[in-house]
>>> print(open('work03.cif').read())   # mmCIF, C-alpha atoms
data_structure
#
loop_
_atom_site.label_atom_id
_atom_site.label_comp_id
_atom_site.auth_asym_id
_atom_site.auth_seq_id
_atom_site.Cartn_x
_atom_site.Cartn_y
_atom_site.Cartn_z
CA ASP B 138 74.97 -71.48 38.03
CA LEU B 139 73.28 -68.61 39.89
CA LEU B 140 70.05 -68.21 37.94
CA GLY B 141 69.36 -71.88 37.14
CA ARG B 142 67.78 -71.30 33.72
CA PRO B 143 68.84 -71.27 30.06
CA GLN B 144 69.52 -68.09 28.10
CA ALA B 145 66.87 -66.70 25.74
CA VAL B 146 66.80 -67.55 22.02
CA LEU B 147 67.39 -64.51 19.77
CA ASP B 148 66.84 -63.38 16.19
CA ARG B 149 70.29 -62.02 15.38
CA PRO B 150 69.68 -61.42 11.64
CA ALA B 151 66.79 -59.10 12.56
CA MET B 152 69.04 -57.21 15.00
CA GLN B 153 71.65 -56.86 12.27
CA GLN B 154 69.00 -55.45 9.95
CA LEU B 155 67.86 -52.95 12.60
CA ILE B 156 71.32 -51.62 13.48
CA GLY B 157 73.65 -52.27 10.54
CA GLY B 158 74.54 -49.06 8.70
CA GLN B 159 72.53 -46.84 11.09
CA ARG B 160 73.61 -43.83 13.12
CA VAL B 161 73.08 -44.84 16.76
CA LEU B 162 73.22 -42.72 19.92
CA ILE B 163 73.39 -44.25 23.41
CA THR B 164 72.86 -42.27 26.62
CA GLY B 165 74.37 -43.59 29.83
CA ALA B 166 76.89 -45.27 27.54
CA GLY B 167 79.42 -45.80 30.33
CA GLY B 168 77.04 -47.60 32.70
CA THR B 169 76.45 -51.32 33.08
CA ILE B 170 73.60 -51.55 30.54
CA GLY B 171 74.85 -48.66 28.39
CA SER B 172 78.35 -50.10 27.94
CA GLU B 173 76.95 -53.54 27.04
CA LEU B 174 74.67 -51.83 24.51
CA VAL B 175 77.81 -50.21 23.07
CA ARG B 176 79.57 -53.58 22.74
CA GLN B 177 76.68 -55.44 21.15
CA ILE B 178 75.61 -52.62 18.84
CA ALA B 179 79.20 -52.08 17.68
CA ALA B 180 79.33 -55.73 16.62
CA PHE B 181 76.37 -55.20 14.26
CA GLY B 182 78.26 -52.57 12.23
CA PRO B 183 76.43 -49.25 12.68
CA ALA B 184 77.43 -46.34 10.44
CA GLN B 185 78.33 -44.34 13.55
CA LEU B 186 78.08 -44.63 17.32
CA THR B 187 77.63 -41.59 19.55
CA LEU B 188 78.28 -42.29 23.22
CA VAL B 189 76.80 -39.87 25.76
CA ASP B 190 77.48 -39.97 29.50
CA HIS B 191 77.97 -37.45 32.31
CA SER B 192 80.66 -39.61 34.00
CA GLU B 193 84.06 -38.74 32.58
CA PHE B 194 85.73 -41.94 33.81
CA ASN B 195 82.95 -44.26 32.59
CA LEU B 196 82.96 -42.60 29.19
CA TYR B 197 86.75 -42.81 28.98
CA THR B 198 86.67 -46.51 29.90
CA VAL B 199 84.08 -47.54 27.30
CA ASP B 200 85.78 -45.40 24.63
CA GLN B 201 89.09 -47.14 25.29
CA GLU B 202 87.42 -50.54 24.95
CA LEU B 203 85.64 -49.53 21.76
CA GLY B 204 88.84 -48.19 20.24
CA ARG B 205 90.61 -51.46 21.01
CA ASP B 206 87.91 -53.86 19.80
CA PHE B 207 86.37 -51.83 16.94
CA PRO B 208 89.12 -49.44 15.80
CA ASP B 209 87.52 -48.74 12.40
CA LEU B 210 84.04 -47.92 13.74
CA PRO B 211 83.28 -44.17 13.45
CA ARG B 212 82.36 -42.87 16.90
CA GLU B 213 81.73 -39.67 18.81
CA ILE B 214 82.35 -39.41 22.55
CA ARG B 215 80.24 -36.69 24.18
CA LEU B 216 80.44 -35.74 27.85
CA ALA B 217 76.94 -34.44 28.57
CA ASP B 218 74.13 -34.64 31.12
CA VAL B 219 70.65 -35.55 29.85
CA ARG B 220 69.27 -32.88 32.20
CA ASP B 221 70.97 -30.18 30.12
CA ARG B 222 68.61 -29.93 27.14
CA ARG B 223 70.62 -27.29 25.28
CA HIS B 224 73.83 -29.28 25.44
CA VAL B 225 72.17 -32.56 24.47
CA ALA B 226 70.39 -30.80 21.59
CA ALA B 227 73.81 -29.81 20.24
CA VAL B 228 74.87 -33.47 20.44
CA PHE B 229 71.78 -34.50 18.44
CA ALA B 230 72.41 -31.77 15.88
CA ASP B 231 75.94 -33.07 15.30
CA ALA B 232 75.17 -36.80 15.40
CA ARG B 233 71.80 -36.84 13.60
CA PRO B 234 70.99 -40.28 15.08
CA GLN B 235 68.49 -42.66 13.53
CA LEU B 236 68.25 -44.88 16.62
CA VAL B 237 68.55 -43.74 20.23
CA PHE B 238 68.96 -46.03 23.23
CA HIS B 239 68.24 -44.15 26.46
CA ALA B 240 69.96 -45.94 29.35
CA ALA B 241 70.99 -42.89 31.40
CA ALA B 242 69.28 -42.84 34.81
CA LEU B 243 69.76 -42.65 38.55
CA LYS B 244 69.14 -46.24 39.61
CA HIS B 245 70.11 -46.80 43.26
CA VAL B 246 66.86 -47.00 45.23
CA HIS B 247 68.05 -45.70 48.59
CA LEU B 248 70.10 -42.85 47.09
CA VAL B 249 67.21 -41.59 44.97
CA GLU B 250 64.92 -41.97 47.99
CA ALA B 251 67.20 -39.60 49.90
CA ASN B 252 67.50 -37.20 46.94
CA PRO B 253 64.09 -37.18 45.23
CA GLY B 254 64.61 -33.95 43.30
CA GLU B 255 67.75 -35.34 41.69
CA GLY B 256 65.87 -38.50 40.70
CA VAL B 257 63.12 -36.41 39.11
CA LEU B 258 65.54 -34.18 37.20
CA THR B 259 67.48 -37.10 35.71
CA ASN B 260 64.87 -39.83 35.33
CA VAL B 261 61.84 -37.73 34.39
CA ALA B 262 63.05 -34.39 33.01
CA GLY B 263 66.15 -35.98 31.45
CA SER B 264 64.11 -38.71 29.77
CA ARG B 265 61.67 -36.10 28.51
CA ASN B 266 64.56 -34.11 27.03
CA ILE B 267 65.79 -37.15 25.12
CA ALA B 268 62.30 -38.08 23.92
CA ASP B 269 61.49 -34.55 22.76
CA LEU B 270 64.83 -34.27 20.93
CA CYS B 271 64.18 -37.59 19.21
CA GLN B 272 60.99 -36.10 17.79
CA GLU B 273 62.62 -32.79 16.94
CA PHE B 274 65.47 -34.41 15.02
CA GLY B 275 63.39 -37.05 13.26
CA VAL B 276 64.88 -40.09 15.02
CA GLU B 277 63.28 -43.29 13.72
CA ALA B 278 63.04 -45.01 17.11
CA MET B 279 63.91 -44.32 20.73
CA VAL B 280 64.32 -47.22 23.15
CA GLN B 281 63.63 -46.29 26.78
CA VAL B 282 65.33 -48.66 29.24
CA SER B 283 63.02 -49.11 32.25
CA THR B 284 62.83 -51.25 35.36
CA ASP B 285 60.49 -53.56 37.26
CA LYS B 286 60.66 -51.01 40.08
CA ALA B 287 58.28 -48.87 37.97
CA VAL B 288 55.51 -51.37 38.75
CA ASN B 289 53.42 -50.35 41.79
CA PRO B 290 56.42 -48.33 43.01
CA THR B 291 57.10 -47.89 46.70
CA GLY B 292 60.17 -45.72 46.08
CA VAL B 293 60.97 -42.49 44.28
CA MET B 294 63.26 -44.23 41.81
CA GLY B 295 60.51 -46.56 40.61
CA ALA B 296 57.96 -43.74 40.47
CA THR B 297 60.27 -41.55 38.36
CA LYS B 298 60.89 -44.42 35.96
CA ARG B 299 57.14 -45.02 35.66
CA ALA B 300 56.65 -41.32 34.86
CA ALA B 301 59.27 -41.65 32.11
CA GLU B 302 57.50 -44.75 30.78
CA ALA B 303 54.19 -42.86 30.73
CA TYR B 304 55.68 -39.94 28.81
CA CYS B 305 57.15 -42.19 26.13
CA GLN B 306 53.87 -44.12 25.91
CA ALA B 307 51.93 -40.89 25.43
CA LEU B 308 54.28 -39.72 22.68
CA ASP B 309 54.09 -43.10 20.96
CA ILE B 310 50.29 -43.03 20.96
CA ALA B 311 50.20 -39.40 19.81
CA GLY B 312 52.42 -40.28 16.85
CA ARG B 313 50.47 -43.39 15.86
CA ASP B 314 47.77 -41.49 13.99
CA ALA B 315 50.00 -38.74 12.60
CA ALA B 316 49.77 -38.00 8.88
CA GLU B 317 53.53 -38.46 8.42
CA PRO B 318 55.97 -40.93 10.01
CA ARG B 319 56.89 -40.06 13.59
CA THR B 320 59.44 -41.39 16.06
CA ARG B 321 58.56 -44.79 17.57
CA PHE B 322 58.99 -44.88 21.35
CA ILE B 323 59.78 -48.37 22.61
CA THR B 324 59.96 -49.00 26.35
CA VAL B 325 61.65 -52.14 27.68
CA ARG B 326 61.16 -53.14 31.32
CA PHE B 327 63.23 -55.70 33.22
CA GLY B 328 64.56 -56.46 36.70
CA ASN B 329 67.97 -56.56 38.32
CA VAL B 330 71.11 -57.12 36.30
CA LEU B 331 73.46 -59.70 37.79
CA GLY B 332 76.81 -58.14 38.55
CA SER B 333 75.91 -54.55 37.67
CA THR B 334 77.65 -51.65 39.41
CA GLY B 335 76.42 -51.42 42.99
CA SER B 336 74.37 -54.62 42.78
CA VAL B 337 74.34 -57.45 45.26
CA VAL B 338 76.65 -59.90 43.44
CA PRO B 339 79.83 -57.77 43.48
CA LEU B 340 78.96 -56.79 47.06
CA PHE B 341 78.76 -60.46 48.06
CA GLN B 342 82.04 -61.15 46.23
CA GLN B 343 83.76 -58.42 48.24
CA GLN B 344 82.25 -59.68 51.48
CA ILE B 345 83.29 -63.28 50.75
CA ALA B 346 86.83 -62.11 49.98
CA ARG B 347 86.92 -60.41 53.41
CA GLY B 348 85.69 -63.58 55.11
CA GLY B 349 82.13 -62.34 55.64
CA PRO B 350 79.60 -61.80 56.89
CA LEU B 351 77.30 -61.37 53.88
CA THR B 352 74.57 -58.75 54.42
CA VAL B 353 71.00 -59.39 53.23
CA THR B 354 68.20 -56.93 53.93
CA HIS B 355 65.50 -59.49 54.78
CA ARG B 356 65.25 -63.27 54.98
CA GLU B 357 62.37 -63.38 52.47
CA VAL B 358 63.45 -60.61 50.06
CA SER B 359 63.51 -61.71 46.42
CA ARG B 360 64.43 -60.14 43.08
CA TYR B 361 64.25 -60.94 39.38
CA PHE B 362 67.69 -61.28 37.79
CA MET B 363 69.27 -61.67 34.38
CA THR B 364 72.80 -61.30 33.11
CA THR B 365 73.91 -58.03 31.55
CA ARG B 366 74.49 -59.70 28.19
CA GLU B 367 71.06 -61.34 28.17
CA ALA B 368 69.29 -58.13 29.22
CA VAL B 369 70.87 -56.14 26.38
CA GLU B 370 70.26 -58.88 23.83
CA LEU B 371 66.58 -58.83 24.76
CA ILE B 372 66.50 -55.01 24.66
CA LEU B 373 67.72 -55.25 21.06
CA GLN B 374 65.24 -58.05 20.31
CA ALA B 375 62.37 -55.95 21.72
CA SER B 376 63.58 -53.01 19.63
CA VAL B 377 63.24 -55.15 16.52
CA LEU B 378 59.71 -56.19 17.49
CA GLY B 379 58.71 -52.61 18.32
CA THR B 380 59.98 -51.07 15.09
CA ASN B 381 58.46 -53.80 12.91
CA ASP B 382 55.01 -54.00 14.50
CA GLY B 383 52.89 -50.85 14.72
CA SER B 384 50.26 -52.67 16.79
CA THR B 385 52.61 -52.49 19.79
CA SER B 386 52.21 -48.70 19.98
CA GLY B 387 51.90 -47.46 23.56
CA ARG B 388 52.70 -50.84 25.05
CA ILE B 389 55.68 -51.83 27.14
CA PHE B 390 57.99 -54.73 26.37
CA VAL B 391 58.64 -56.81 29.49
CA LEU B 392 61.49 -59.30 29.54
CA ASP B 393 60.82 -62.78 30.93
CA MET B 394 63.26 -63.12 33.81
CA GLY B 395 62.18 -66.54 35.00
CA MET B 396 61.28 -67.03 38.65
CA PRO B 397 62.35 -64.49 41.27
CA VAL B 398 65.45 -65.43 43.26
CA ARG B 399 65.53 -65.19 47.05
CA ILE B 400 68.56 -63.09 47.92
CA VAL B 401 69.47 -65.28 50.90
CA GLU B 402 69.59 -68.33 48.60
CA LEU B 403 71.78 -66.37 46.16
CA ALA B 404 74.11 -65.54 49.06
CA GLU B 405 74.25 -69.18 50.17
CA LYS B 406 74.96 -70.34 46.61
CA MET B 407 77.78 -67.82 46.16
CA ILE B 408 79.37 -68.93 49.43
CA ARG B 409 79.26 -72.55 48.27
CA LEU B 410 80.68 -71.62 44.84
CA ALA B 411 83.58 -70.05 46.73
CA GLY B 412 84.20 -73.43 48.42
CA LYS B 413 82.86 -72.32 51.82
CA ARG B 414 79.94 -73.37 54.04
CA PRO B 415 77.12 -70.87 54.69
CA TYR B 416 76.63 -69.92 58.37
CA GLU B 417 79.70 -71.96 59.34
CA ASP B 418 82.69 -70.64 57.38
CA ILE B 419 80.93 -67.43 56.35
CA ASP B 420 77.89 -66.03 58.14
CA ILE B 421 74.87 -64.22 56.65
CA ILE B 422 73.25 -61.40 58.62
CA PHE B 423 69.98 -59.54 58.00
CA THR B 424 70.03 -55.74 58.08
CA GLY B 425 66.43 -54.70 57.31
CA LEU B 426 64.85 -53.21 54.18
CA ARG B 427 66.06 -49.72 53.30
CA PRO B 428 63.70 -46.79 52.53
CA GLY B 429 61.96 -47.26 49.17
CA GLU B 430 62.75 -50.98 48.91
CA LYS B 431 60.15 -53.70 48.39
CA LEU B 432 60.19 -57.21 49.80
CA HIS B 433 59.28 -58.58 46.36
CA GLU B 434 59.44 -56.90 42.94
CA GLU B 435 56.80 -57.23 40.20
CA LEU B 436 57.18 -57.22 36.42
CA PHE B 437 53.55 -56.26 35.73
CA HIS B 438 51.11 -53.83 37.33
CA TYR B 439 48.15 -55.75 38.77
CA GLY B 440 45.84 -54.03 36.27
CA GLU B 441 48.01 -54.49 33.18
CA ALA B 442 46.79 -56.80 30.44
CA THR B 443 49.68 -58.84 29.02
CA THR B 444 50.07 -60.51 25.65
CA PRO B 445 52.79 -62.70 24.15
CA THR B 446 55.08 -61.68 21.29
CA ASP B 447 56.86 -63.69 18.63
CA ASN B 448 59.67 -64.21 21.15
CA GLU B 449 58.67 -66.29 24.17
CA SER B 450 61.11 -64.35 26.35
CA ILE B 451 59.32 -61.01 25.74
CA ARG B 452 55.76 -60.08 26.68
CA LEU B 453 53.74 -56.92 26.08
CA ALA B 454 52.13 -54.96 28.91
CA ALA B 455 49.41 -52.37 28.42
CA PRO B 456 49.48 -50.03 31.42
CA ARG B 457 47.22 -46.99 31.60
CA ILE B 458 48.08 -44.25 29.11
CA ALA B 459 47.99 -40.60 30.15
CA ASP B 460 46.86 -37.73 27.95
CA TYR B 461 50.00 -36.20 26.48
CA GLN B 462 49.08 -32.54 27.09
CA VAL B 463 48.05 -33.13 30.71
CA LEU B 464 51.16 -35.21 31.39
CA ALA B 465 53.47 -32.63 29.79
CA ARG B 466 52.06 -29.86 31.99
CA SER B 467 52.42 -32.02 35.09
CA ILE B 468 56.05 -32.81 34.24
CA ASP B 469 56.69 -29.08 33.72
CA GLU B 470 55.37 -28.46 37.24
CA LEU B 471 57.29 -31.42 38.70
CA THR B 472 60.54 -30.22 37.13
CA ARG B 473 60.12 -26.67 38.49
CA ILE B 474 59.50 -28.02 41.98
CA ALA B 475 62.47 -30.41 41.78
CA GLU B 476 64.70 -27.50 40.76
CA SER B 477 63.49 -25.56 43.82
CA ALA B 478 64.54 -28.45 46.12
CA ASP B 479 61.06 -28.68 47.71
CA ASP B 480 61.15 -32.43 48.29
CA ALA B 481 57.77 -32.72 50.03
CA ARG B 482 55.92 -30.93 47.22
CA CYS B 483 57.95 -32.88 44.67
CA LEU B 484 56.65 -36.17 46.07
CA GLU B 485 53.06 -34.86 46.04
CA VAL B 486 53.20 -34.02 42.33
CA LEU B 487 55.02 -37.27 41.55
CA HIS B 488 52.20 -39.18 43.25
CA ARG B 489 49.68 -37.27 41.14
CA ILE B 490 51.49 -38.31 37.96
CA VAL B 491 51.96 -41.90 39.19
CA PRO B 492 48.89 -42.59 41.36
CA GLU B 493 49.97 -46.19 42.01
CA TYR B 494 53.10 -44.83 43.73
CA THR B 495 52.76 -45.58 47.44
CA PRO B 496 55.73 -44.85 49.72
CA ALA B 497 57.01 -47.98 51.44
CA ASN B 498 55.83 -46.80 54.87
CA GLU B 499 52.24 -46.33 53.68
CA PRO B 500 49.84 -49.24 52.98
CA PRO B 501 48.73 -49.32 49.33
CA ASP B 502 45.07 -48.54 48.68
CA ARG B 503 44.56 -50.87 45.71
CA MET B 504 40.90 -49.95 45.17
CA ALA B 505 41.59 -46.21 45.15
CA THR B 506 44.52 -46.66 42.78
CA ALA B 507 42.42 -48.77 40.44
CA ALA B 508 39.69 -46.12 40.44
CA LYS B 509 42.23 -43.47 39.48
#
>>> encode(input="work03.cif", output="structure tokens")
Amino acid sequence: DLLGRPQAVLDRPAMQQLIGGQRVLITGAGGTIGSELVRQIAAFGPAQLTLVDHSEFNLYTVDQELGRDFPDLPREIRLADVRDRRHVAAVFADARPQLVFHAAALKHVHLVEANPGEGVLTNVAGSRNIADLCQEFGVEAMVQVSTDKAVNPTGVMGATKRAAEAYCQALDIAGRDAAEPRTRFITVRFGNVLGSTGSVVPLFQQQIARGGPLTVTHREVSRYFMTTREAVELILQASVLGTNDGSTSGRIFVLDMGMPVRIVELAEKMIRLAGKRPYEDIDIIFTGLRPGEKLHEELFHYGEATTPTDNESIRLAAPRIADYQVLARSIDELTRIAESADDARCLEVLHRIVPEYTPANEPPDRMATAAK
């Protein structure tokens, strides 16, 4: 009703072949995407599931659900923060995963904008920890969950996610020509998830229940949306394509999310679905874009070449690839600065790593970015 398009067609036997009988580890397992990964992966019969999250309540909740719906599935529940490399290394040593799905991240644009060092430590350093441990422990494939906000980012959150993409790309390329099999690094990029924690749909539901008004940042603001179930199904589908096709090395899987949805139209539709009349029974007010937010999101960088895959709902992007050694040193520096709480210097180094990152209050210099 809200998105006005059909759900994607999937190759479930291939997903079963990828996951069935495997030891799988999921970071951010208590979050919106992480918990749906848990549900869908559990249904394919892995040998063991290891759930990692730093939120005690979220981890407790998903563990309770898993115990109820899949009581015979062997599982480990580990309370850990991806920023703590030593602790997460102990989790890897115990679990010995064959597949890792990395969904842990700080995702709220305005909160990361106000706390850039925290965004760097979780989204960049934390992702690097997981990627490095995947190599160290001989994981067959790591799936990095990314976001459309990594494309030409105007906020810290998007820039940190692009840095994480770049690191996984660099590792994937470095391992392509190795003499012995190395970990495959598969990055999947998509937009907003309908109904996720802190997203606009549950906010609108709460506002409708209170009688309004509904708050929209800008009359023209638009976003790409898909349901949580569809997003995770396509993450698994992209994982199949990535592990089976070596020619995708260093590329990013981008989910087809249809046409962007204007948020004001989504608000109007939800009011009507509640049996009310927009602007009459329930008003809509406009509050202004928050720091780091874009008017319109993009799924592809303007310079990225895109190619189709065997699934019409998934395309491949080929963004620029950084030299692994240079990138690793830059992330070392960025992490040290983030730990020192020097936000201004942190943003400078982040911009150096992600040259297309332009803060929302600065006009983008497209030609200069392209030259870089």
>>> residues_around(input="work03.cif", residues="Leu196 in chain B", least_positions_apart="6", cutoff="10 Å", atoms="all atoms listed in the file", output="number ranges by chain")
B: 165-168, 172, 188-190, 214-216
>>> write_last_selection(input="work03.cif", atoms="C-alpha atoms", output="compact mmCIF listing (two decimals), keeping the file's coordinate frame")
# COMPACT_ATOMS: atom_id res chain seq x y z
CA GLY B 165 74.37 -43.59 29.83
CA ALA B 166 76.89 -45.27 27.54
CA GLY B 167 79.42 -45.80 30.33
CA GLY B 168 77.04 -47.60 32.70
CA SER B 172 78.35 -50.10 27.94
CA LEU B 188 78.28 -42.29 23.22
CA VAL B 189 76.80 -39.87 25.76
CA ASP B 190 77.48 -39.97 29.50
CA ILE B 214 82.35 -39.41 22.55
CA ARG B 215 80.24 -36.69 24.18
CA LEU B 216 80.44 -35.74 27.85
>>> residues_around(input="work03.cif", residues="Gly204 in chain B", least_positions_apart="4", cutoff="12 Å", atoms="only C-alpha atoms", output="ChimeraX atom specification")
/B:175-176,179,186,197-200,208-214
>>> atom_distance(input="work03.cif", atom1="CA of Asp418 in chain B", atom2="CA of Gly349 in chain B")
8.5 Å
>>> residues_near_point(input="work03.cif", point="(52.2, -38.8, 29.5)", cutoff="10 Å", atoms="only C-alpha atoms", output="list in words")
Arg265, Ala300, Ala301, Glu302, Ala303, Tyr304, Cys305, Gln306, Ala307, Leu308, Asp309, Ile310, Ala311, Arg457, Ile458, Ala459, Asp460, Tyr461, Gln462, Val463, Leu464, Ala465, Arg466, Ser467, Ile468 and Ile490 of chain B
>>> residues_near_point(input="work03.cif", point="(55.4, -62.4, 21.3)", cutoff="12 Å", atoms="all atoms listed in the file", output="list of chain:residue names")
B:Gln374, B:Ala375, B:Val377, B:Leu378, B:Gly379, B:Asp382, B:Ser384, B:Thr385, B:Phe390, B:Val391, B:Leu392, B:Asp393, B:Thr443, B:Thr444, B:Pro445, B:Thr446, B:Asp447, B:Asn448, B:Glu449, B:Ser450, B:Ile451, B:Arg452, B:Leu453, B:Ala454
>>> atom_distance(input="work03.cif", atom1="CA of Ile372 in chain B", atom2="CA of His224 in chain B")
26.8 Å
>>> resolve_selection(input="work03.cif", expression="the PyMOL selection byres ((chain B and resi 344-348) around 10)", output="ChimeraX atom specification")
/B:338-343,349-352,404,407-408,411,413,418-420
>>> write_last_selection(input="work03.cif", atoms="C-alpha atoms", output="compact mmCIF listing (two decimals), in the frame of the given file")
# COMPACT_ATOMS: atom_id res chain seq x y z
CA VAL B 338 76.65 -59.90 43.44
CA PRO B 339 79.83 -57.77 43.48
CA LEU B 340 78.96 -56.79 47.06
CA PHE B 341 78.76 -60.46 48.06
CA GLN B 342 82.04 -61.15 46.23
CA GLN B 343 83.76 -58.42 48.24
CA GLY B 349 82.13 -62.34 55.64
CA PRO B 350 79.60 -61.80 56.89
CA LEU B 351 77.30 -61.37 53.88
CA THR B 352 74.57 -58.75 54.42
CA ALA B 404 74.11 -65.54 49.06
CA MET B 407 77.78 -67.82 46.16
CA ILE B 408 79.37 -68.93 49.43
CA ALA B 411 83.58 -70.05 46.73
CA LYS B 413 82.86 -72.32 51.82
CA ASP B 418 82.69 -70.64 57.38
CA ILE B 419 80.93 -67.43 56.35
CA ASP B 420 77.89 -66.03 58.14
>>> atom_distance(input="work03.cif", atom1="CA of Leu155 in chain B", atom2="CA of Gln185 in chain B")
13.6 Å
>>> resolve_selection(input="work03.cif", expression="the PyMOL selection byres ((chain B and resi 284-296) around 7)", output="MDAnalysis selection string")
chainID B and resid 244 246 249:250 253 256 283 297:300 326:328 429:431 434:438 491 493:497
>>> resolve_selection(input="work03.cif", expression="the PyMOL selection byres ((chain B and resi 423) around 10)", output="list in words")
Pro350, Leu351, Thr352, Val353, Thr354, His355, Arg356, Val401, Ile421, Ile422, Thr424, Gly425 and Leu426 of chain B
>>> closest_residue(input="work03.cif", among="B:Arg149, B:Arg360, B:Arg482, B:Arg427", to="His247 in chain B", atoms="all atoms listed in the file")
B:Arg427
